[in-house]
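Visitor: Before I ask anything, let me first share the structure, which is written out below as structure tokens.
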Amino acid sequence: MTERGQARLLEVSGLQTEFVTDDGLVRAVDGVSFSVDRGEILGIVGESGCGKSVTNLSVMGLLPKPQGRIVGGSVFFDGRDLVGLPESELRSVRGNRIAMIFQDPMTSLNPYLRVEEQLVEVAELHMGLSRPEAVKRAVELLDRCGIPDAARRIRGYPHEFSGGMRQRVMIAMALLCDPDLLIADEPTTALDVTIQAQILELIKELRDERGMGVILITHDLGVVAGMCDRVLVMYAGRVVEEAAVEPLFATPGHPYTAALLRSVPTLDDEAHGKLQSIAGLPPRLDGGSFRQCTFLPRCALAHDACNEGDPELIEETPGRKRRCILPVEQVR
Amino acid sequence: MTEERPMLEVDRLEVHFDAARGLVRAVDGVSFSIAAGETLGLVGESGCGKSTVARAIVGLVPVTRGSVRFKGAELAGLSRAGYRPYRRHLQMVFQDPYASLNPRMTVASIIGEPMMIHKLVERNLIEERVCELMGLVGLDASMRRRYPHEFSGGQRQRIGLARALALQPAAILLDEPVSALDVSVQAQVLNLLEDLKQRLGLTYLFIAHHLAVVRHVSDRVAVMYLGRIVEVAKRDDLYGQPLHPYTHALLSAIPIPDPVRERTRSRIALTGEIPSPTKEYVGCRFYERCPARIDRCQSEDPPLTEHRPGHFAACWVTTEDGLPAGAMGD
């Protein structure tokens, strides 16, 4: 936890991100605020299109240009606002202090370069290491990430590694500069469960050892339950609930969270039973304001009062925010 | 118990491919049967051969050795023409609802074409039947003139199902049918599958890597590892009292959406990854990664044997009482 007066590692306030598309303007992120402390794992959950990935691309300054841009809010990283920083300064923050890993390792590995070249380049560029030092550090990290025979494997090309091994190479690359913040966007979604368990364990160990802050974006509520300290639930470009992990699962405060929790089959539910699904689709995010709750058309608990305005995200108890006018005991 | 002929019998099925890196034994001696009206779940990690099993059954890849019988009729080794009379009875639904629908065809032609080819419905009645099928899978029939890209992922999976159902199949082979979908949509499709099975008396082979999803839909479950079935049992037996160390490890690796339980349970950590299917084995294929291995496992290949009634496992260590205490390193 952060000491009083000390800046949080990451503090995002009122972030708004828009895209210009063929179908018009899309406000993919609409006023998102959250923070991450050192040594904390923050989970961000929500379904495709809820804005969870765009939020993090915005934080990293990696929005596709010219279609995507931040139109409001701030992203304070270690006390400095990253929004509007020139690309050269952003680049030194990325890589050095904030690192990102993606679902598909091939998007961040160059298929034409040996793993060694890619890792060593990062270490030379961002850490100012000499070539032999950089190689040594790269081998160390590959080894740490569970690549057997790292000193030899480092000379291989990405295609010579299996999916799980490539993911480890990417994690090693992300951790090379000892980042303060790791943003992991569905890091294990493409992996098998036994490999997933190994990778998640590794991220947790690194958090414990280095006090690294982690943002873990995932749709898998099981992964959230095992990994995260706090959770943001996103819907239609906004945060609809924020809570510590245990209360979120025990007593969800938003009907969307409750419905998500009930839509996943578990190992002890009634087999062949009916799963709760969420009918309908999320609203179009054209940047206009909403006159009612954005989840209303899909909400199983909706009533008349939900039509009367777009609910605010309210902190009802310390650390617990939700965007719903129903009393919390009525949410199920 | 009266012995009724299974709908589908797969016996010592082998599917091998010649690849640059050597002979790939994708499926290497798989046997199972599915009774009419039953759902058999087939789980395993990527590369274990589970999709190839389904592809071999529907004739999309040639069978190297072994037998595939549909209601007693042998399908393995049939020519394209020889297979044709059976094709409509065994339909397949694929994982990727984006890749498995022709983007240049309207939904009406995607669903209608197979009926036309198999001459199941009079040409002038096809439109009507398309609308009926769309209704059956929960799609609005007024959208039939649209193209696949105008539909969401869940809707596309419904289109794929309607296309499979158009031929009134006896069995549907579902290859990771919900893995590409968001959880709320996944729930809709799983509910629909369950509902269709009840209404139409379908038989399913449900292939997935997600053990909780497989448990939800299956009557019996088979676990594959490196081209072989290592365990098969009734659903509750398999999940309640797994016999094979690999099944134990898989079950312990699934994250449970409950922070209190997830953080207190013990996990059987497997090291390494699934080895290459080009490798030849004398002993058990799981030997290198197995936390319960004994010497015998390296030199002798364990056969799939019945340890309890209806509960089969291929393991030297496990007994009728399950794995001996301490075998899994607890």
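Please note that chains go A, B, ... in the order of the structure tokens, that every chain numbers its residues from 1, and that ligands are numbered from 1 in the order shown.
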For chain B, work out the contacting residues on chain A at 10 Å, counting only C-alpha atoms, and write them as an NGL selection string.
Guide: :A and (46-48 or 146-148 or 162-165 or 190-198 or 201 or 219-229 or 245-250 or 259-281)
Visitor: At a cut-off of 12 Å, using only C-alpha atoms, what residues contact B:Leu238? Leave out same-chain residues fewer than 5 positions from it and give the result as a PDB file with C-alpha atoms, in the first residue's frame.
Guide:
```pdb
ATOM      1  CA  LEU A 267     -16.551 -27.541 -11.757  1.00  0.00           C
TER       2      LEU A 267
ATOM      3  CA  GLY B  41     -16.751 -34.750 -24.118  1.00  0.00           C
ATOM      4  CA  VAL B  43     -10.717 -32.761 -23.618  1.00  0.00           C
ATOM      5  CA  LEU B 211     -12.776 -28.659 -18.551  1.00  0.00           C
ATOM      6  CA  VAL B 214     -16.975 -29.917 -21.069  1.00  0.00           C
ATOM      7  CA  ARG B 215     -18.261 -31.024 -17.691  1.00  0.00           C
ATOM      8  CA  SER B 218     -21.125 -34.057 -21.260  1.00  0.00           C
ATOM      9  CA  ASP B 219     -22.503 -37.409 -20.114  1.00  0.00           C
ATOM     10  CA  ARG B 220     -19.113 -39.074 -20.379  1.00  0.00           C
ATOM     11  CA  VAL B 221     -15.691 -37.497 -20.780  1.00  0.00           C
ATOM     12  CA  ALA B 222     -12.477 -38.713 -22.407  1.00  0.00           C
ATOM     13  CA  VAL B 223      -9.121 -37.058 -21.723  1.00  0.00           C
ATOM     14  CA  VAL B 230      -5.510 -41.554 -21.072  1.00  0.00           C
ATOM     15  CA  GLU B 231      -8.781 -41.656 -19.155  1.00  0.00           C
ATOM     16  CA  VAL B 232     -12.467 -42.030 -19.914  1.00  0.00           C
ATOM     17  CA  ALA B 233     -15.390 -42.236 -17.518  1.00  0.00           C
ATOM     18  CA  LEU B 243      -7.579 -41.753 -11.838  1.00  0.00           C
ATOM     19  CA  HIS B 244      -4.879 -40.545 -14.216  1.00  0.00           C
ATOM     20  CA  PRO B 245      -2.181 -38.147 -12.945  1.00  0.00           C
ATOM     21  CA  TYR B 246      -2.664 -36.011 -16.068  1.00  0.00           C
ATOM     22  CA  THR B 247      -6.385 -35.592 -15.369  1.00  0.00           C
ATOM     23  CA  HIS B 248      -5.505 -34.667 -11.774  1.00  0.00           C
ATOM     24  CA  LEU B 250      -5.483 -30.620 -15.570  1.00  0.00           C
ATOM     25  CA  LEU B 251      -8.263 -30.320 -13.011  1.00  0.00           C
ATOM     26  CA  HIS B 307     -10.114 -49.687 -12.970  1.00  0.00           C
ATOM     27  CA  ARG B 308     -13.716 -49.238 -11.834  1.00  0.00           C
ATOM     28  CA  GLY B 310     -17.011 -47.883 -16.754  1.00  0.00           C
ATOM     29  CA  HIS B 311     -13.947 -45.934 -15.619  1.00  0.00           C
ATOM     30  CA  PHE B 312     -10.852 -46.520 -17.750  1.00  0.00           C
ATOM     31  CA  ALA B 313      -7.354 -45.138 -17.302  1.00  0.00           C
ATOM     32  CA  GLY B 322      -7.131 -44.253  -7.287  1.00  0.00           C
TER      33      GLY B 322
END
```
Visitor: If you run DSSP over the backbone, which residues in stretch 230-301 of chain A end up strand (DSSP E or B)? Put them as a ChimeraX atom specification.
Guide: /A:230-235,238-244
Visitor: Restrict the selected residues to N, CA and C atoms and save them as a compact mmCIF listing (two decimals), in the first residue's frame.
Guide:
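Below is the file that was written, again_36.txt:
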```txt
# COMPACT_ATOMS: atom_id res chain seq x y z
N ARG A 230 -7.22 -6.19 -6.61
CA ARG A 230 -8.41 -5.37 -6.85
C ARG A 230 -8.87 -5.60 -8.27
N VAL A 231 -10.15 -5.29 -8.54
CA VAL A 231 -10.71 -5.57 -9.86
C VAL A 231 -11.55 -4.38 -10.33
N LEU A 232 -11.39 -4.04 -11.62
CA LEU A 232 -12.30 -3.10 -12.27
C LEU A 232 -13.16 -3.92 -13.22
N VAL A 233 -14.46 -3.70 -13.19
CA VAL A 233 -15.33 -4.33 -14.17
C VAL A 233 -15.73 -3.24 -15.16
N MET A 234 -15.46 -3.47 -16.44
CA MET A 234 -15.77 -2.45 -17.43
C MET A 234 -16.94 -2.88 -18.30
N TYR A 235 -17.76 -1.91 -18.66
CA TYR A 235 -18.87 -2.16 -19.58
C TYR A 235 -19.06 -0.92 -20.42
N ARG A 238 -16.80 2.12 -19.84
CA ARG A 238 -16.73 2.74 -18.51
C ARG A 238 -16.56 1.70 -17.42
N VAL A 239 -16.12 2.19 -16.25
CA VAL A 239 -16.03 1.29 -15.11
C VAL A 239 -17.42 1.20 -14.50
N VAL A 240 -17.95 -0.02 -14.31
CA VAL A 240 -19.25 -0.14 -13.65
C VAL A 240 -19.10 -0.62 -12.21
N GLU A 241 -17.93 -1.19 -11.91
CA GLU A 241 -17.71 -1.60 -10.53
C GLU A 241 -16.21 -1.70 -10.25
N GLU A 242 -15.84 -1.32 -9.05
CA GLU A 242 -14.45 -1.49 -8.61
C GLU A 242 -14.48 -1.98 -7.18
N ALA A 243 -13.71 -3.04 -6.90
CA ALA A 243 -13.71 -3.59 -5.55
C ALA A 243 -12.49 -4.45 -5.34
N ALA A 244 -12.18 -4.73 -4.08
CA ALA A 244 -11.17 -5.73 -3.78
C ALA A 244 -11.71 -7.08 -4.24
```
Visitor: So that I can check the surroundings of B:Leu205, please list as a PDB file with C-alpha atoms, in the first residue's frame every protein, DNA and RNA residue that reaches within 7 Å of it, counting only C-alpha atoms and ignoring chain neighbours fewer than 3 positions away.
Guide:
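Result file follows (result04.pdb):
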```
ATOM      1  CA  THR B  39     -22.759 -36.415 -25.324  1.00  0.00           C
ATOM      2  CA  LEU B  40     -19.153 -37.499 -25.124  1.00  0.00           C
ATOM      3  CA  GLY B  41     -16.751 -34.750 -24.118  1.00  0.00           C
ATOM      4  CA  ILE B 172     -22.862 -33.355 -34.470  1.00  0.00           C
ATOM      5  CA  LEU B 173     -19.149 -33.081 -33.853  1.00  0.00           C
ATOM      6  CA  LEU B 174     -18.521 -29.791 -32.102  1.00  0.00           C
TER       7      LEU B 174
END
```
Visitor: Enumerate the residues of stretch 143-307 of chain A with a DSSP assignment of helix (DSSP H, G or I), computed from the backbone, and present them as a PDB file with N, CA and C atoms, in the first residue's frame.
Guide:
```
ATOM      1  N   ASP A 143      16.038 -17.846 -18.517  1.00  0.00           N
ATOM      2  CA  ASP A 143      16.150 -18.932 -17.571  1.00  0.00           C
ATOM      3  C   ASP A 143      15.108 -18.768 -16.457  1.00  0.00           C
ATOM      4  N   ARG A 144      15.022 -17.533 -15.963  1.00  0.00           N
ATOM      5  CA  ARG A 144      14.076 -17.184 -14.902  1.00  0.00           C
ATOM      6  C   ARG A 144      12.639 -17.427 -15.351  1.00  0.00           C
ATOM      7  N   ALA A 150      18.632 -22.062 -21.722  1.00  0.00           N
ATOM      8  CA  ALA A 150      18.458 -20.708 -22.274  1.00  0.00           C
ATOM      9  C   ALA A 150      19.660 -20.224 -23.080  1.00  0.00           C
ATOM     10  N   ALA A 151      20.866 -20.560 -22.638  1.00  0.00           N
ATOM     11  CA  ALA A 151      22.062 -20.059 -23.316  1.00  0.00           C
ATOM     12  C   ALA A 151      22.119 -20.544 -24.772  1.00  0.00           C
ATOM     13  N   ARG A 152      21.548 -21.713 -25.018  1.00  0.00           N
ATOM     14  CA  ARG A 152      21.538 -22.232 -26.382  1.00  0.00           C
ATOM     15  C   ARG A 152      20.275 -21.770 -27.128  1.00  0.00           C
ATOM     16  N   ARG A 153      19.121 -21.854 -26.438  1.00  0.00           N
ATOM     17  CA  ARG A 153      17.856 -21.524 -27.088  1.00  0.00           C
ATOM     18  C   ARG A 153      17.788 -20.065 -27.546  1.00  0.00           C
ATOM     19  N   PRO A 158      11.957 -17.094 -33.344  1.00  0.00           N
ATOM     20  CA  PRO A 158      10.676 -17.281 -32.646  1.00  0.00           C
ATOM     21  C   PRO A 158       9.896 -18.518 -33.099  1.00  0.00           C
ATOM     22  N   HIS A 159       9.931 -18.838 -34.403  1.00  0.00           N
ATOM     23  CA  HIS A 159       9.113 -19.980 -34.857  1.00  0.00           C
ATOM     24  C   HIS A 159       9.631 -21.301 -34.310  1.00  0.00           C
ATOM     25  N   GLU A 160      10.841 -21.310 -33.797  1.00  0.00           N
ATOM     26  CA  GLU A 160      11.374 -22.555 -33.249  1.00  0.00           C
ATOM     27  C   GLU A 160      10.900 -22.809 -31.815  1.00  0.00           C
ATOM     28  N   GLY A 163       4.151 -22.236 -28.534  1.00  0.00           N
ATOM     29  CA  GLY A 163       3.355 -21.085 -28.096  1.00  0.00           C
ATOM     30  C   GLY A 163       3.658 -20.663 -26.669  1.00  0.00           C
ATOM     31  N   GLY A 164       3.730 -21.638 -25.770  1.00  0.00           N
ATOM     32  CA  GLY A 164       3.997 -21.338 -24.367  1.00  0.00           C
ATOM     33  C   GLY A 164       5.394 -20.770 -24.179  1.00  0.00           C
ATOM     34  N   MET A 165       6.351 -21.314 -24.931  1.00  0.00           N
ATOM     35  CA  MET A 165       7.735 -20.848 -24.824  1.00  0.00           C
ATOM     36  C   MET A 165       7.879 -19.433 -25.388  1.00  0.00           C
ATOM     37  N   ARG A 166       7.158 -19.147 -26.481  1.00  0.00           N
ATOM     38  CA  ARG A 166       7.193 -17.802 -27.065  1.00  0.00           C
ATOM     39  C   ARG A 166       6.635 -16.781 -26.083  1.00  0.00           C
ATOM     40  N   GLN A 167       5.565 -17.194 -25.396  1.00  0.00           N
ATOM     41  CA  GLN A 167       4.962 -16.307 -24.414  1.00  0.00           C
ATOM     42  C   GLN A 167       5.991 -15.990 -23.321  1.00  0.00           C
ATOM     43  N   ARG A 168       6.782 -16.991 -22.948  1.00  0.00           N
ATOM     44  CA  ARG A 168       7.819 -16.762 -21.941  1.00  0.00           C
ATOM     45  C   ARG A 168       8.902 -15.851 -22.465  1.00  0.00           C
ATOM     46  N   VAL A 169       9.244 -16.013 -23.765  1.00  0.00           N
ATOM     47  CA  VAL A 169      10.254 -15.138 -24.357  1.00  0.00           C
ATOM     48  C   VAL A 169       9.750 -13.701 -24.293  1.00  0.00           C
ATOM     49  N   MET A 170       8.465 -13.519 -24.620  1.00  0.00           N
ATOM     50  CA  MET A 170       7.907 -12.165 -24.603  1.00  0.00           C
ATOM     51  C   MET A 170       7.904 -11.601 -23.183  1.00  0.00           C
ATOM     52  N   ILE A 171       7.578 -12.439 -22.206  1.00  0.00           N
ATOM     53  CA  ILE A 171       7.591 -11.980 -20.821  1.00  0.00           C
ATOM     54  C   ILE A 171       9.024 -11.616 -20.412  1.00  0.00           C
ATOM     55  N   ALA A 172       9.986 -12.446 -20.832  1.00  0.00           N
ATOM     56  CA  ALA A 172      11.388 -12.144 -20.524  1.00  0.00           C
ATOM     57  C   ALA A 172      11.772 -10.796 -21.127  1.00  0.00           C
ATOM     58  N   MET A 173      11.329 -10.540 -22.358  1.00  0.00           N
ATOM     59  CA  MET A 173      11.649  -9.281 -23.014  1.00  0.00           C
ATOM     60  C   MET A 173      11.017  -8.118 -22.252  1.00  0.00           C
ATOM     61  N   ALA A 174       9.769  -8.316 -21.806  1.00  0.00           N
ATOM     62  CA  ALA A 174       9.063  -7.262 -21.080  1.00  0.00           C
ATOM     63  C   ALA A 174       9.752  -6.957 -19.745  1.00  0.00           C
ATOM     64  N   LEU A 175      10.350  -7.983 -19.152  1.00  0.00           N
ATOM     65  CA  LEU A 175      10.912  -7.809 -17.812  1.00  0.00           C
ATOM     66  C   LEU A 175      12.384  -7.446 -17.817  1.00  0.00           C
ATOM     67  N   VAL A 193      -4.149 -24.840 -20.062  1.00  0.00           N
ATOM     68  CA  VAL A 193      -4.261 -24.580 -18.622  1.00  0.00           C
ATOM     69  C   VAL A 193      -3.000 -24.892 -17.831  1.00  0.00           C
ATOM     70  N   THR A 194      -2.300 -25.962 -18.189  1.00  0.00           N
ATOM     71  CA  THR A 194      -1.115 -26.293 -17.384  1.00  0.00           C
ATOM     72  C   THR A 194      -0.008 -25.264 -17.618  1.00  0.00           C
ATOM     73  N   ILE A 195       0.081 -24.743 -18.835  1.00  0.00           N
ATOM     74  CA  ILE A 195       1.085 -23.720 -19.142  1.00  0.00           C
ATOM     75  C   ILE A 195       0.640 -22.388 -18.532  1.00  0.00           C
ATOM     76  N   GLN A 196      -0.655 -22.119 -18.635  1.00  0.00           N
ATOM     77  CA  GLN A 196      -1.206 -20.904 -18.034  1.00  0.00           C
ATOM     78  C   GLN A 196      -0.838 -20.819 -16.556  1.00  0.00           C
ATOM     79  N   ALA A 197      -0.998 -21.937 -15.854  1.00  0.00           N
ATOM     80  CA  ALA A 197      -0.694 -21.959 -14.425  1.00  0.00           C
ATOM     81  C   ALA A 197       0.773 -21.593 -14.190  1.00  0.00           C
ATOM     82  N   GLN A 198       1.664 -22.085 -15.044  1.00  0.00           N
ATOM     83  CA  GLN A 198       3.093 -21.771 -14.885  1.00  0.00           C
ATOM     84  C   GLN A 198       3.369 -20.279 -15.099  1.00  0.00           C
ATOM     85  N   ILE A 199       2.773 -19.699 -16.141  1.00  0.00           N
ATOM     86  CA  ILE A 199       3.027 -18.288 -16.481  1.00  0.00           C
ATOM     87  C   ILE A 199       2.465 -17.359 -15.392  1.00  0.00           C
ATOM     88  N   LEU A 200       1.263 -17.672 -14.914  1.00  0.00           N
ATOM     89  CA  LEU A 200       0.658 -16.827 -13.883  1.00  0.00           C
ATOM     90  C   LEU A 200       1.479 -16.871 -12.597  1.00  0.00           C
ATOM     91  N   GLU A 201       1.973 -18.049 -12.288  1.00  0.00           N
ATOM     92  CA  GLU A 201       2.815 -18.212 -11.098  1.00  0.00           C
ATOM     93  C   GLU A 201       4.062 -17.336 -11.227  1.00  0.00           C
ATOM     94  N   LEU A 202       4.621 -17.327 -12.421  1.00  0.00           N
ATOM     95  CA  LEU A 202       5.820 -16.523 -12.688  1.00  0.00           C
ATOM     96  C   LEU A 202       5.544 -15.028 -12.485  1.00  0.00           C
ATOM     97  N   ILE A 203       4.421 -14.548 -13.009  1.00  0.00           N
ATOM     98  CA  ILE A 203       4.077 -13.125 -12.854  1.00  0.00           C
ATOM     99  C   ILE A 203       3.929 -12.785 -11.370  1.00  0.00           C
ATOM    100  N   LYS A 204       3.297 -13.688 -10.622  1.00  0.00           N
ATOM    101  CA  LYS A 204       3.115 -13.446  -9.192  1.00  0.00           C
ATOM    102  C   LYS A 204       4.452 -13.394  -8.455  1.00  0.00           C
ATOM    103  N   GLU A 205       5.341 -14.307  -8.802  1.00  0.00           N
ATOM    104  CA  GLU A 205       6.664 -14.325  -8.160  1.00  0.00           C
ATOM    105  C   GLU A 205       7.406 -13.017  -8.414  1.00  0.00           C
ATOM    106  N   LEU A 206       7.340 -12.547  -9.654  1.00  0.00           N
ATOM    107  CA  LEU A 206       8.064 -11.326 -10.008  1.00  0.00           C
ATOM    108  C   LEU A 206       7.472 -10.124  -9.297  1.00  0.00           C
ATOM    109  N   ARG A 207       6.156 -10.148  -9.131  1.00  0.00           N
ATOM    110  CA  ARG A 207       5.512  -9.092  -8.369  1.00  0.00           C
ATOM    111  C   ARG A 207       6.043  -9.113  -6.917  1.00  0.00           C
ATOM    112  N   ASP A 208       6.089 -10.310  -6.342  1.00  0.00           N
ATOM    113  CA  ASP A 208       6.544 -10.431  -4.953  1.00  0.00           C
ATOM    114  C   ASP A 208       7.998  -9.990  -4.798  1.00  0.00           C
ATOM    115  N   GLU A 209       8.840 -10.403  -5.745  1.00  0.00           N
ATOM    116  CA  GLU A 209      10.273 -10.114  -5.635  1.00  0.00           C
ATOM    117  C   GLU A 209      10.614  -8.656  -5.897  1.00  0.00           C
ATOM    118  N   ARG A 210      10.004  -8.090  -6.922  1.00  0.00           N
ATOM    119  CA  ARG A 210      10.422  -6.762  -7.356  1.00  0.00           C
ATOM    120  C   ARG A 210       9.442  -5.661  -6.988  1.00  0.00           C
ATOM    121  N   LEU A 221     -12.627 -15.182 -15.254  1.00  0.00           N
ATOM    122  CA  LEU A 221     -12.871 -14.808 -13.864  1.00  0.00           C
ATOM    123  C   LEU A 221     -12.113 -15.703 -12.892  1.00  0.00           C
ATOM    124  N   GLY A 222     -11.773 -16.898 -13.325  1.00  0.00           N
ATOM    125  CA  GLY A 222     -10.965 -17.781 -12.499  1.00  0.00           C
ATOM    126  C   GLY A 222      -9.558 -17.216 -12.323  1.00  0.00           C
ATOM    127  N   VAL A 223      -9.002 -16.691 -13.408  1.00  0.00           N
ATOM    128  CA  VAL A 223      -7.675 -16.088 -13.347  1.00  0.00           C
ATOM    129  C   VAL A 223      -7.703 -14.866 -12.430  1.00  0.00           C
ATOM    130  N   VAL A 224      -8.746 -14.060 -12.544  1.00  0.00           N
ATOM    131  CA  VAL A 224      -8.902 -12.888 -11.683  1.00  0.00           C
ATOM    132  C   VAL A 224      -8.924 -13.320 -10.219  1.00  0.00           C
ATOM    133  N   ALA A 225      -9.714 -14.346  -9.927  1.00  0.00           N
ATOM    134  CA  ALA A 225      -9.865 -14.804  -8.542  1.00  0.00           C
ATOM    135  C   ALA A 225      -8.525 -15.211  -7.944  1.00  0.00           C
ATOM    136  N   GLY A 226      -7.682 -15.834  -8.752  1.00  0.00           N
ATOM    137  CA  GLY A 226      -6.423 -16.338  -8.230  1.00  0.00           C
ATOM    138  C   GLY A 226      -5.313 -15.309  -8.180  1.00  0.00           C
ATOM    139  N   MET A 227      -5.385 -14.274  -9.026  1.00  0.00           N
ATOM    140  CA  MET A 227      -4.243 -13.382  -9.203  1.00  0.00           C
ATOM    141  C   MET A 227      -4.404 -11.992  -8.599  1.00  0.00           C
ATOM    142  N   VAL A 245     -10.824  -8.017  -4.543  1.00  0.00           N
ATOM    143  CA  VAL A 245     -11.258  -9.232  -5.230  1.00  0.00           C
ATOM    144  C   VAL A 245     -12.264 -10.054  -4.414  1.00  0.00           C
ATOM    145  N   GLU A 246     -12.040 -10.201  -3.106  1.00  0.00           N
ATOM    146  CA  GLU A 246     -12.944 -11.075  -2.349  1.00  0.00           C
ATOM    147  C   GLU A 246     -14.379 -10.557  -2.272  1.00  0.00           C
ATOM    148  N   PRO A 247     -14.569  -9.271  -1.866  1.00  0.00           N
ATOM    149  CA  PRO A 247     -15.958  -8.784  -1.871  1.00  0.00           C
ATOM    150  C   PRO A 247     -16.601  -8.786  -3.262  1.00  0.00           C
ATOM    151  N   LEU A 248     -15.806  -8.559  -4.299  1.00  0.00           N
ATOM    152  CA  LEU A 248     -16.393  -8.541  -5.644  1.00  0.00           C
ATOM    153  C   LEU A 248     -17.044  -9.886  -5.971  1.00  0.00           C
ATOM    154  N   PHE A 249     -16.337 -10.972  -5.650  1.00  0.00           N
ATOM    155  CA  PHE A 249     -16.887 -12.296  -5.950  1.00  0.00           C
ATOM    156  C   PHE A 249     -17.971 -12.689  -4.949  1.00  0.00           C
ATOM    157  N   ALA A 250     -17.798 -12.290  -3.689  1.00  0.00           N
ATOM    158  CA  ALA A 250     -18.747 -12.711  -2.656  1.00  0.00           C
ATOM    159  C   ALA A 250     -20.073 -11.964  -2.802  1.00  0.00           C
ATOM    160  N   PRO A 255     -25.313  -5.482 -11.359  1.00  0.00           N
ATOM    161  CA  PRO A 255     -25.963  -6.631 -11.995  1.00  0.00           C
ATOM    162  C   PRO A 255     -25.122  -7.240 -13.124  1.00  0.00           C
ATOM    163  N   TYR A 256     -24.296  -6.414 -13.784  1.00  0.00           N
ATOM    164  CA  TYR A 256     -23.448  -6.952 -14.852  1.00  0.00           C
ATOM    165  C   TYR A 256     -22.388  -7.887 -14.275  1.00  0.00           C
ATOM    166  N   THR A 257     -21.763  -7.472 -13.174  1.00  0.00           N
ATOM    167  CA  THR A 257     -20.780  -8.340 -12.516  1.00  0.00           C
ATOM    168  C   THR A 257     -21.449  -9.644 -12.087  1.00  0.00           C
ATOM    169  N   ALA A 258     -22.623  -9.516 -11.489  1.00  0.00           N
ATOM    170  CA  ALA A 258     -23.332 -10.697 -10.995  1.00  0.00           C
ATOM    171  C   ALA A 258     -23.645 -11.649 -12.154  1.00  0.00           C
ATOM    172  N   ALA A 259     -24.078 -11.075 -13.282  1.00  0.00           N
ATOM    173  CA  ALA A 259     -24.438 -11.902 -14.435  1.00  0.00           C
ATOM    174  C   ALA A 259     -23.200 -12.569 -15.026  1.00  0.00           C
ATOM    175  N   LEU A 260     -22.093 -11.832 -15.096  1.00  0.00           N
ATOM    176  CA  LEU A 260     -20.847 -12.426 -15.607  1.00  0.00           C
ATOM    177  C   LEU A 260     -20.446 -13.619 -14.750  1.00  0.00           C
ATOM    178  N   LEU A 261     -20.515 -13.442 -13.433  1.00  0.00           N
ATOM    179  CA  LEU A 261     -20.116 -14.515 -12.528  1.00  0.00           C
ATOM    180  C   LEU A 261     -20.982 -15.750 -12.715  1.00  0.00           C
ATOM    181  N   ARG A 262     -22.243 -15.527 -13.031  1.00  0.00           N
ATOM    182  CA  ARG A 262     -23.126 -16.682 -13.166  1.00  0.00           C
ATOM    183  C   ARG A 262     -23.121 -17.297 -14.560  1.00  0.00           C
ATOM    184  N   SER A 263     -22.508 -16.631 -15.534  1.00  0.00           N
ATOM    185  CA  SER A 263     -22.549 -17.178 -16.887  1.00  0.00           C
ATOM    186  C   SER A 263     -21.436 -18.192 -17.135  1.00  0.00           C
ATOM    187  N   LEU A 296     -29.005  -0.972 -18.901  1.00  0.00           N
ATOM    188  CA  LEU A 296     -30.447  -1.170 -18.715  1.00  0.00           C
ATOM    189  C   LEU A 296     -31.096  -2.181 -19.681  1.00  0.00           C
ATOM    190  N   PRO A 297     -30.845  -2.073 -21.002  1.00  0.00           N
ATOM    191  CA  PRO A 297     -31.557  -2.989 -21.900  1.00  0.00           C
ATOM    192  C   PRO A 297     -31.229  -4.461 -21.677  1.00  0.00           C
ATOM    193  N   ARG A 298     -30.112  -4.744 -21.007  1.00  0.00           N
ATOM    194  CA  ARG A 298     -29.696  -6.133 -20.819  1.00  0.00           C
ATOM    195  C   ARG A 298     -29.829  -6.579 -19.371  1.00  0.00           C
ATOM    196  N   ASP A 304     -38.228   0.772 -13.243  1.00  0.00           N
ATOM    197  CA  ASP A 304     -38.556   2.077 -13.820  1.00  0.00           C
ATOM    198  C   ASP A 304     -37.522   3.163 -13.533  1.00  0.00           C
ATOM    199  N   ALA A 305     -37.061   3.197 -12.279  1.00  0.00           N
ATOM    200  CA  ALA A 305     -36.149   4.273 -11.876  1.00  0.00           C
ATOM    201  C   ALA A 305     -34.855   4.262 -12.688  1.00  0.00           C
ATOM    202  N   CYS A 306     -34.495   3.086 -13.280  1.00  0.00           N
ATOM    203  CA  CYS A 306     -33.251   2.981 -14.050  1.00  0.00           C
ATOM    204  C   CYS A 306     -33.316   3.810 -15.332  1.00  0.00           C
ATOM    205  N   ASN A 307     -34.525   4.183 -15.752  1.00  0.00           N
ATOM    206  CA  ASN A 307     -34.694   5.013 -16.935  1.00  0.00           C
ATOM    207  C   ASN A 307     -34.382   6.482 -16.671  1.00  0.00           C
TER     208      ASN A 307
END
```
Visitor: Just the number, please: distance in Å from atom CA of B:Arg80 to atom CA of B:Asp28, one decimal.
Guide: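 Atom CA of B:Arg80 sits 23.4 Å away from atom CA of B:Asp28.
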Visitor: Closest to A:Val32 among A:Ile44, A:Cys324, A:Val135, A:Ile101, using only C-alpha atoms?
Guide: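 Between A:Ile44, A:Cys324, A:Val135, A:Ile101, the residue approaching A:Val32 most closely is A:Ile44.
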Visitor: For a quick check of understanding, using only C-alpha atoms, which of A:Cys145, A:Ile325, A:Met212, A:Val122 has the smallest distance to A:Leu176?
Guide: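 Going through A:Cys145, A:Ile325, A:Met212, A:Val122 one by one, the smallest distance to A:Leu176 is for A:Val122.
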Visitor: What gap, in Å, lies between atom CA of A:Arg320 and atom CA of A:Thr251?
Guide: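 We find that atom CA of A:Arg320 and atom CA of A:Thr251 lie 11.3 Å from each other.
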